[in-house]
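So this one's target_34.csv, CSV, C-alpha atoms:
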chain,number,residue,atom,x,y,z
A,128,MET,CA,-11.9,29.8,16.9
A,129,ASN,CA,-8.8,29.9,14.9
A,130,GLY,CA,-7.3,32.6,17.0
A,131,SER,CA,-7.8,30.7,20.2
A,132,THR,CA,-6.3,27.6,18.7
A,133,SER,CA,-3.1,29.5,17.6
A,134,SER,CA,-2.7,31.0,21.0
A,135,ARG,CA,-2.8,27.6,22.5
A,136,CYS,CA,-0.3,26.1,20.1
A,137,TYR,CA,2.5,28.7,20.7
A,138,PRO,CA,3.1,27.6,24.4
A,139,ALA,CA,3.2,24.0,23.3
A,140,LEU,CA,5.7,24.7,20.5
A,141,PHE,CA,7.8,26.8,22.9
A,142,LEU,CA,8.0,24.0,25.5
A,143,SER,CA,8.8,21.3,22.9
A,144,SER,CA,11.5,23.5,21.4
A,145,LEU,CA,13.0,24.2,24.9
A,146,ALA,CA,13.0,20.5,25.7
A,147,THR,CA,14.6,19.6,22.4
A,148,GLY,CA,17.4,22.2,23.0
A,149,MET,CA,18.1,21.0,26.5
A,150,LEU,CA,18.3,17.4,25.1
A,151,LEU,CA,20.8,18.4,22.4
A,152,VAL,CA,22.9,20.4,24.9
A,153,SER,CA,23.0,17.5,27.3
A,154,CYS,CA,24.0,15.1,24.5
A,155,GLY,CA,26.7,17.5,23.4
A,156,SER,CA,28.1,17.9,26.8
A,157,ALA,CA,28.1,14.1,27.3
A,158,VAL,CA,30.0,13.7,24.0
A,159,ASP,CA,32.5,16.4,25.0
A,160,MET,CA,33.0,14.7,28.4
A,161,ALA,CA,33.6,11.3,26.7
A,162,GLU,CA,36.1,12.8,24.3
A,163,GLN,CA,37.9,14.6,27.1
A,164,ALA,CA,38.0,11.4,29.1
A,165,THR,CA,39.4,9.6,26.0
A,166,LEU,CA,42.1,12.2,25.5
A,167,ASP,CA,43.0,12.3,29.2
A,168,ALA,CA,43.4,8.5,29.5
A,169,PRO,CA,46.4,8.1,27.2
A,170,SER,CA,48.1,11.2,28.7
A,171,ASN,CA,47.9,9.6,32.2
A,172,SER,CA,49.1,6.1,31.0
A,173,LEU,CA,52.1,7.3,29.0
A,174,PRO,CA,54.3,8.5,31.9
A,175,GLU,CA,53.7,5.1,33.7
A,176,SER,CA,54.8,3.1,30.6
A,177,SER,CA,57.8,5.5,30.0
A,178,SER,CA,58.9,5.1,33.7
A,179,VAL,CA,58.8,1.3,33.4
A,180,ALA,CA,60.9,1.5,30.2
A,181,GLU,CA,63.4,3.8,31.9
A,182,LYS,CA,63.7,1.4,34.8
A,183,SER,CA,64.3,-1.6,32.5
A,184,LEU,CA,67.0,0.3,30.6
A,185,ALA,CA,68.7,1.3,33.8
A,186,ARG,CA,68.7,-2.4,34.9
A,187,ALA,CA,70.2,-3.4,31.6
A,188,GLU,CA,72.9,-0.8,31.8
A,189,THR,CA,73.7,-1.9,35.4
A,190,ASP,CA,74.0,-5.5,34.2
A,191,ASP,CA,76.3,-4.5,31.4
A,192,ASN,CA,78.5,-2.6,33.8
A,193,ILE,CA,79.1,-5.8,35.9
A,194,PRO,CA,82.5,-7.3,35.0
A,195,SER,CA,82.4,-10.6,33.2
A,196,SER,CA,84.9,-12.0,35.7
A,197,GLN,CA,82.3,-11.6,38.5
A,198,THR,CA,79.6,-13.4,36.6
A,199,SER,CA,81.3,-16.1,34.6
A,200,GLN,CA,84.9,-16.8,35.8
A,201,PRO,CA,85.5,-18.6,39.1
A,202,PRO,CA,87.9,-17.0,41.7
A,203,GLN,CA,91.5,-17.8,41.0
A,204,ALA,CA,93.9,-19.1,43.6
A,205,ALA,CA,96.6,-16.8,45.0
A,206,PRO,CA,99.9,-17.1,43.2
A,207,GLN,CA,102.7,-18.9,45.1
A,208,LEU,CA,105.6,-16.5,45.3
A,209,ALA,CA,109.1,-17.2,46.4
A,210,LYS,CA,110.5,-13.8,47.7
A,211,THR,CA,114.1,-12.7,48.3
A,212,ALA,CA,115.3,-9.3,49.5
A,213,ALA,CA,118.5,-7.4,49.8
A,214,ILE,CA,119.3,-4.3,51.9
A,215,SER,CA,122.5,-2.3,52.5
A,216,LEU,CA,122.9,-0.1,55.5
A,217,GLU,CA,125.5,2.3,56.8
A,218,VAL,CA,125.6,2.1,60.6
A,219,LYS,CA,127.6,3.7,63.4
A,220,SER,CA,128.7,0.6,65.2
A,221,ILE,CA,128.9,-2.9,63.6
A,222,GLU,CA,129.0,-4.7,67.0
A,223,GLU,CA,125.9,-3.0,68.4
A,224,THR,CA,124.0,-3.4,65.1
A,225,LEU,CA,124.8,-7.2,64.9
A,226,LYS,CA,123.5,-7.6,68.5
A,227,THR,CA,120.3,-5.8,67.6
A,228,ILE,CA,119.8,-7.8,64.4
A,229,SER,CA,120.2,-11.1,66.3
A,230,GLN,CA,117.4,-10.0,68.7
A,231,LEU,CA,115.3,-8.8,65.8
A,232,VAL,CA,115.6,-12.1,64.0
A,233,LYS,CA,114.5,-14.1,67.1
A,234,GLN,CA,111.5,-11.8,67.5
A,235,GLN,CA,110.5,-12.4,63.9
A,236,GLN,CA,110.9,-16.2,64.3
A,237,GLY,CA,113.7,-16.3,61.8
A,238,ASP,CA,117.3,-17.7,61.5
A,239,ILE,CA,120.7,-16.3,60.6
A,240,LEU,CA,122.1,-18.5,57.9
A,241,ARG,CA,125.4,-16.8,57.3
A,242,LEU,CA,127.6,-14.1,58.9
A,243,GLU,CA,130.8,-12.6,57.7
A,244,ASP,CA,132.6,-9.9,59.7
A,245,ASN,CA,135.5,-8.1,57.9
A,246,SER,CA,137.6,-6.1,60.4
A,247,SER,CA,139.3,-3.9,57.8
A,248,ARG,CA,140.1,-0.2,58.1
A,249,ARG,CA,136.5,0.5,57.1
A,250,ARG,CA,134.8,-2.3,58.8
A,251,GLU,CA,132.1,-4.3,56.9
A,252,ALA,CA,129.8,-7.2,57.7
A,253,SER,CA,127.4,-9.2,55.6
A,254,MET,CA,124.8,-11.8,56.7
A,255,GLU,CA,122.0,-13.8,55.3
A,256,ILE,CA,118.7,-14.0,57.2
A,257,ARG,CA,115.6,-16.2,56.7
A,258,VAL,CA,112.2,-15.1,58.0
A,259,PRO,CA,108.6,-16.1,57.4
A,260,GLN,CA,107.3,-14.6,54.2
A,261,ASP,CA,104.4,-12.8,55.9
A,262,ARG,CA,107.0,-11.0,58.1
A,263,LEU,CA,109.3,-9.9,55.3
A,264,GLU,CA,108.1,-6.3,55.0
A,265,THR,CA,108.1,-5.9,58.8
A,266,THR,CA,111.7,-7.2,59.1
A,267,LEU,CA,112.9,-4.9,56.3
A,268,ASP,CA,111.3,-1.9,57.9
A,269,ALA,CA,112.9,-2.8,61.2
A,270,LEU,CA,116.3,-3.2,59.6
A,271,ALA,CA,116.0,0.1,57.8
A,272,ASP,CA,115.6,1.8,61.1
A,273,LEU,CA,119.0,0.6,62.3
A,274,GLY,CA,121.0,3.0,60.0
A,275,THR,CA,121.0,4.8,56.7
A,276,VAL,CA,119.6,2.8,53.8
A,277,GLU,CA,121.9,2.7,50.8
A,278,SER,CA,119.9,0.2,48.7
A,279,ARG,CA,116.9,-1.9,49.2
A,280,SER,CA,115.2,-4.4,46.8
A,281,ILE,CA,112.6,-7.2,46.8
A,282,THR,CA,112.5,-10.0,44.1
A,283,ALA,CA,109.5,-12.4,43.7
A,284,GLU,CA,109.3,-15.5,41.6
A,285,ASP,CA,106.0,-17.2,40.8
A,286,VAL,CA,106.5,-20.9,41.4
A,287,SER,CA,102.8,-21.9,41.2
A,288,ASN,CA,103.2,-23.9,37.9
A,289,GLN,CA,106.3,-25.7,39.4
A,290,LEU,CA,104.3,-26.6,42.5
A,291,VAL,CA,101.4,-28.0,40.4
A,292,ASP,CA,103.7,-29.9,38.2
A,293,VAL,CA,105.7,-31.5,41.0
A,294,GLN,CA,102.5,-32.4,42.9
A,295,ALA,CA,101.0,-34.1,39.8
A,296,ARG,CA,104.2,-36.0,39.2
A,297,LEU,CA,104.3,-37.1,42.8
A,298,ARG,CA,100.7,-38.3,42.7
A,299,ASN,CA,101.4,-40.3,39.6
A,300,LEU,CA,104.5,-41.9,41.0
A,301,ARG,CA,102.6,-43.0,44.2
A,302,LYS,CA,99.9,-44.5,42.1
A,303,THR,CA,102.5,-46.4,40.1
A,304,GLU,CA,104.1,-47.6,43.4
A,305,ASP,CA,100.7,-48.9,44.6
A,306,SER,CA,100.2,-50.7,41.3
A,307,LEU,CA,103.6,-52.3,41.5
A,308,LEU,CA,103.0,-53.5,45.0
A,309,LYS,CA,99.8,-55.2,43.9
A,310,ILE,CA,101.6,-56.8,40.9
A,311,MET,CA,104.4,-58.0,43.3
A,312,ASP,CA,101.7,-59.7,45.4
A,313,ARG,CA,100.5,-61.6,42.4
A,314,ALA,CA,103.9,-62.4,40.8
A,315,GLY,CA,104.5,-66.1,40.6
A,316,SER,CA,108.1,-66.7,39.4
A,317,MET,CA,111.2,-65.4,41.1
A,318,SER,CA,112.4,-63.6,38.0
A,319,ASP,CA,109.1,-61.6,37.7
A,320,THR,CA,109.3,-60.7,41.4
A,321,LEU,CA,112.9,-59.4,41.0
A,322,LYS,CA,111.9,-57.3,38.0
A,323,VAL,CA,109.0,-55.8,39.8
A,324,ALA,CA,111.2,-55.2,42.9
A,325,GLN,CA,113.8,-53.4,40.7
A,326,GLU,CA,111.2,-51.2,39.1
A,327,LEU,CA,109.6,-50.5,42.5
A,328,SER,CA,113.1,-49.4,43.8
A,329,ASN,CA,113.4,-47.0,40.9
A,330,ILE,CA,110.0,-45.5,41.4
A,331,ARG,CA,110.7,-45.0,45.1
A,332,GLN,CA,113.9,-43.3,44.3
A,333,SER,CA,112.1,-40.9,42.0
A,334,ILE,CA,109.5,-40.3,44.7
A,335,GLU,CA,112.2,-39.3,47.1
A,336,GLN,CA,113.7,-36.8,44.6
A,337,ILE,CA,110.3,-35.3,43.7
A,338,ASP,CA,109.3,-35.1,47.3
A,339,ALA,CA,112.6,-33.2,48.1
A,340,GLN,CA,111.8,-30.8,45.2
A,341,LEU,CA,108.3,-30.2,46.6
A,342,LYS,CA,109.6,-29.5,50.1
A,343,ASN,CA,112.2,-27.1,48.7
A,344,LEU,CA,109.6,-25.2,46.8
A,345,THR,CA,107.2,-25.1,49.7
A,346,ASN,CA,110.0,-23.9,52.0
A,347,ARG,CA,110.9,-21.1,49.5
A,348,VAL,CA,107.3,-19.9,49.5
A,349,ALA,CA,106.9,-20.1,53.3
A,350,TYR,CA,110.2,-18.4,54.1
A,351,SER,CA,112.0,-15.4,52.5
A,352,THR,CA,115.7,-14.8,52.5
A,353,ILE,CA,117.2,-11.4,53.2
A,354,THR,CA,120.8,-10.5,52.2
A,355,LEU,CA,122.1,-7.8,54.5
A,356,ASN,CA,125.3,-5.7,54.0
A,357,LEU,CA,126.5,-3.5,56.8
A,358,GLN,CA,129.2,-0.8,56.6
A,359,SER,CA,130.6,1.3,59.3
A,360,SER,CA,130.2,5.1,58.9
A,361,THR,CA,133.5,5.8,60.7
A,362,ALA,CA,136.8,4.3,59.6
A,363,THR,CA,138.9,2.5,62.3
A,364,SER,CA,142.2,4.1,63.3
A,365,SER,CA,145.2,2.8,61.3
A,366,GLN,CA,147.8,3.8,64.0
A,367,PRO,CA,147.4,1.9,67.3
A,368,ALA,CA,148.2,3.6,70.6
A,369,ILE,CA,151.8,3.7,71.9
A,370,GLY,CA,150.9,1.4,74.8
A,371,SER,CA,149.6,-1.2,72.4
A,372,GLN,CA,152.7,-0.9,70.3
A,373,LEU,CA,155.0,-1.5,73.3
A,374,GLN,CA,152.9,-4.3,74.5
A,375,ASP,CA,153.1,-5.9,71.0
A,376,SER,CA,156.9,-5.4,70.9
A,377,TRP,CA,157.4,-7.0,74.3
A,378,SER,CA,155.2,-9.9,73.3
A,379,ASN,CA,157.1,-10.4,70.1
A,380,ALA,CA,160.5,-10.3,71.9
A,381,THR,CA,159.5,-12.8,74.6
A,382,GLN,CA,158.0,-15.0,72.0
A,383,SER,CA,161.3,-14.8,70.0
A,384,VAL,CA,163.4,-15.8,73.1
A,385,SER,CA,161.1,-18.6,73.8
A,386,ASP,CA,161.3,-19.9,70.3
A,387,PHE,CA,165.1,-19.7,70.3
A,388,THR,CA,165.4,-21.5,73.6
A,389,LYS,CA,163.0,-24.2,72.3
A,390,GLY,CA,165.2,-24.5,69.2
A,391,LEU,CA,168.4,-25.0,71.3
A,392,LEU,CA,166.8,-27.6,73.5
A,393,SER,CA,165.5,-29.4,70.4
A,394,LEU,CA,169.0,-29.3,68.9
A,395,GLY,CA,170.5,-30.7,72.1
A,396,ILE,CA,168.0,-33.5,72.1
A,397,TRP,CA,168.7,-34.4,68.5
A,398,LEU,CA,172.5,-34.4,69.2
A,399,ILE,CA,172.0,-36.7,72.2
A,400,ALA,CA,169.9,-39.0,70.2
A,401,TYR,CA,172.5,-39.3,67.4
A,402,SER,CA,175.5,-39.3,69.8
A,403,PRO,CA,176.3,-43.0,69.3
A,404,TYR,CA,176.7,-42.5,65.6
A,405,PHE,CA,178.8,-39.5,66.1
A,406,LEU,CA,181.1,-41.4,68.6
A,407,LEU,CA,181.4,-44.3,66.1
A,408,ILE,CA,182.4,-41.9,63.3
A,409,ALA,CA,184.8,-40.1,65.6
A,410,GLY,CA,186.4,-43.5,66.6
A,411,ILE,CA,186.8,-44.6,63.0
A,412,VAL,CA,188.5,-41.3,62.1
A,413,TYR,CA,190.8,-41.5,65.1
A,414,LEU,CA,191.8,-45.1,64.3
A,415,SER,CA,192.6,-44.2,60.7
A,416,TYR,CA,194.6,-41.2,61.8
A,417,PHE,CA,196.5,-43.3,64.5
A,418,ARG,CA,197.4,-46.0,62.0
A,419,ARG,CA,198.7,-43.5,59.4
A,420,HIS,CA,200.8,-41.8,62.2
A,421,ASN,CA,202.3,-45.1,63.3
A,422,GLN,CA,203.2,-46.1,59.8
A,423,GLY,CA,205.0,-42.8,59.2
A,424,ASN,CA,207.0,-43.2,62.4
A,425,ARG,CA,208.2,-46.7,61.3
A,426,GLN,CA,209.4,-45.5,58.0
Could you write out this structure as structure tokens?
Amino acid sequence: MNGSTSSRCYPALFLSSLATGMLLVSCGSAVDMAEQATLDAPSNSLPESSSVAEKSLARAETDDNIPSSQTSQPPQAAPQLAKTAAISLEVKSIEETLKTISQLVKQQQGDILRLEDNSSRRREASMEIRVPQDRLETTLDALADLGTVESRSITAEDVSNQLVDVQARLRNLRKTEDSLLKIMDRAGSMSDTLKVAQELSNIRQSIEQIDAQLKNLTNRVAYSTITLNLQSSTATSSQPAIGSQLQDSWSNATQSVSDFTKGLLSLGIWLIAYSPYFLLIAGIVYLSYFRRHNQGNRQ
């Protein structure tokens, strides 16, 4: 009885032990999988957060590299420059170069302000040219191609502040003029009207002066002046040809004869004009001599 009971209990215990072991194994694997999932989750999220941080840092560095003038300061107006230039050239022929320069100035819409031609042994010429400022460099390059450049310079003066000052003064004077005109319309007595008229005349005179200064500054900015010096590379001959010498001698001789003849004719005309006085003086001298001669004969 007992033996049969024991033999029946062994399979039951074996099955229960197997079920318990399988349950523990399944629980352990579940815990391991949960822990593995927990460990894998941070490792997958860290690269994403680090990439976001790197992008933010790169944007910050890019913003720092942007110049402050581009983000805060407004664009400044271009400076108003009054430019002048000077160039010296050595050329083969002064005459041909002057003709070419005259055509060049017309092409550049400029003007020749001054021209001096010195026909010395080493011929020289100087001139002053005015061209639009935007064509200054082009004109200088064209002039440099006409000969050998000995010197070349460009000078610029910033007149922006002067322009702003003159324009402000002109606006204030015009406002004062308008105010005086309104006061003159309301002036009652003759004395007040005369005072306002005198002040208005002074203001208008100042306006004319300031307006002339403004036009001068504007013209200096719009146009540039070039001082050009030309020098011939070959000296002119100091001894003229024999034919020229003979021609000059003949011209001088004929001129001398002509001058002498004119002088004699002029002298004759003067003598004829003063002949009555000469005759009167001669008559007085003759009468005096005749009287003295008669008195001597009587004695």
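Take the candidates A:Thr227, A:Asn343, A:Ser351, A:Ser415 and check each one against Gly274 of chain A using all atoms listed in the file; the shortest distance goes to A:Thr227.
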Find the residues near segment 336-342 of chain A: any atom within 12 Å, counting only C-alpha atoms, skip ones fewer than 2 places away on the same chain, and give them as a compact mmCIF listing (two decimals) with C-alpha atoms, in the coordinates of the input.
# COMPACT_ATOMS: atom_id res chain seq x y z
CA VAL A 286 106.50 -20.90 41.40
CA SER A 287 102.80 -21.90 41.20
CA ASN A 288 103.20 -23.90 37.90
CA GLN A 289 106.30 -25.70 39.40
CA LEU A 290 104.30 -26.60 42.50
CA VAL A 291 101.40 -28.00 40.40
CA ASP A 292 103.70 -29.90 38.20
CA VAL A 293 105.70 -31.50 41.00
CA GLN A 294 102.50 -32.40 42.90
CA ALA A 295 101.00 -34.10 39.80
CA ARG A 296 104.20 -36.00 39.20
CA LEU A 297 104.30 -37.10 42.80
CA ARG A 298 100.70 -38.30 42.70
CA ASN A 299 101.40 -40.30 39.60
CA LEU A 300 104.50 -41.90 41.00
CA ARG A 301 102.60 -43.00 44.20
CA ASN A 329 113.40 -47.00 40.90
CA ILE A 330 110.00 -45.50 41.40
CA ARG A 331 110.70 -45.00 45.10
CA GLN A 332 113.90 -43.30 44.30
CA SER A 333 112.10 -40.90 42.00
CA ILE A 334 109.50 -40.30 44.70
CA LEU A 344 109.60 -25.20 46.80
CA THR A 345 107.20 -25.10 49.70
CA ASN A 346 110.00 -23.90 52.00
CA ARG A 347 110.90 -21.10 49.50
CA VAL A 348 107.30 -19.90 49.50
CA ALA A 349 106.90 -20.10 53.30
CA TYR A 350 110.20 -18.40 54.10
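Residue nearest Arg250 of chain A, chosen from A:Pro206, A:Gln358, A:Ile228, A:Ser215 and counting all atoms listed in the file: A:Gln358.
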Completion exercise
A straight line from atom CA of Arg419 of chain A to atom CA of Pro403 of chain A spans 24.5 Å
Handout entry: Residues within 7 Å of Ser360 of chain A, all atoms listed in the file, excluding chain neighbours under 6 positions, as a ChimeraX atom specification
Key = /A:217-219
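Note that the spacing between atom CA of Gln236 of chain A and atom CA of Ala209 of chain A amounts to 18.0 Å.
The interatomic distance for the pair atom CA of Ser402 of chain A and atom CA of Ser383 of chain A works out to 28.3 Å.
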Practice task
Compile the contact shell of Lys233 of chain A as a VMD selection string: residues with an atom at most 12 Å away, counting all atoms listed in the file, same-chain residues fewer than 3 positions apart removed.
Solution key: chain A and resid 226 to 230 236 to 239 256 to 259 266
Practice task
Would you mind listing what lies within 10 Å of Leu308 of chain A as a PyMOL selection string, with all atoms listed in the file counted and same-chain residues fewer than 4 positions away left out?
Solution key: chain A and resi 302-304+312-314+323-324+327
Would you save the residues from that selection as a compact mmCIF listing (two decimals), keeping the file's coordinate frame, using C-alpha atoms?
# COMPACT_ATOMS: atom_id res chain seq x y z
CA LYS A 302 99.90 -44.50 42.10
CA THR A 303 102.50 -46.40 40.10
CA GLU A 304 104.10 -47.60 43.40
CA ASP A 312 101.70 -59.70 45.40
CA ARG A 313 100.50 -61.60 42.40
CA ALA A 314 103.90 -62.40 40.80
CA VAL A 323 109.00 -55.80 39.80
CA ALA A 324 111.20 -55.20 42.90
CA LEU A 327 109.60 -50.50 42.50
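If all atoms listed in the file are the atoms counted, then among A:Lys322, A:Ser359, A:Met254, A:Gln234 the closest residue to Ser220 of chain A is A:Ser359.
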Practice task
Please identify all polymer residues lying at most 6 Å from the point (126.4, -13.0, 56.9) (file coordinates), using all atoms listed in the file, and present the result as a ChimeraX atom specification.
Solution key: /A:241-243,253-255
Emit the selected residues as a PDB file, in the coordinates of the input, including C-alpha atoms.
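Produced file again_39.pdb, reproduced below:
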ATOM      1  CA  ARG A 241     125.400 -16.800  57.300  1.00  0.00           C
ATOM      2  CA  LEU A 242     127.600 -14.100  58.900  1.00  0.00           C
ATOM      3  CA  GLU A 243     130.800 -12.600  57.700  1.00  0.00           C
ATOM      4  CA  SER A 253     127.400  -9.200  55.600  1.00  0.00           C
ATOM      5  CA  MET A 254     124.800 -11.800  56.700  1.00  0.00           C
ATOM      6  CA  GLU A 255     122.000 -13.800  55.300  1.00  0.00           C
TER       7      GLU A 255
END
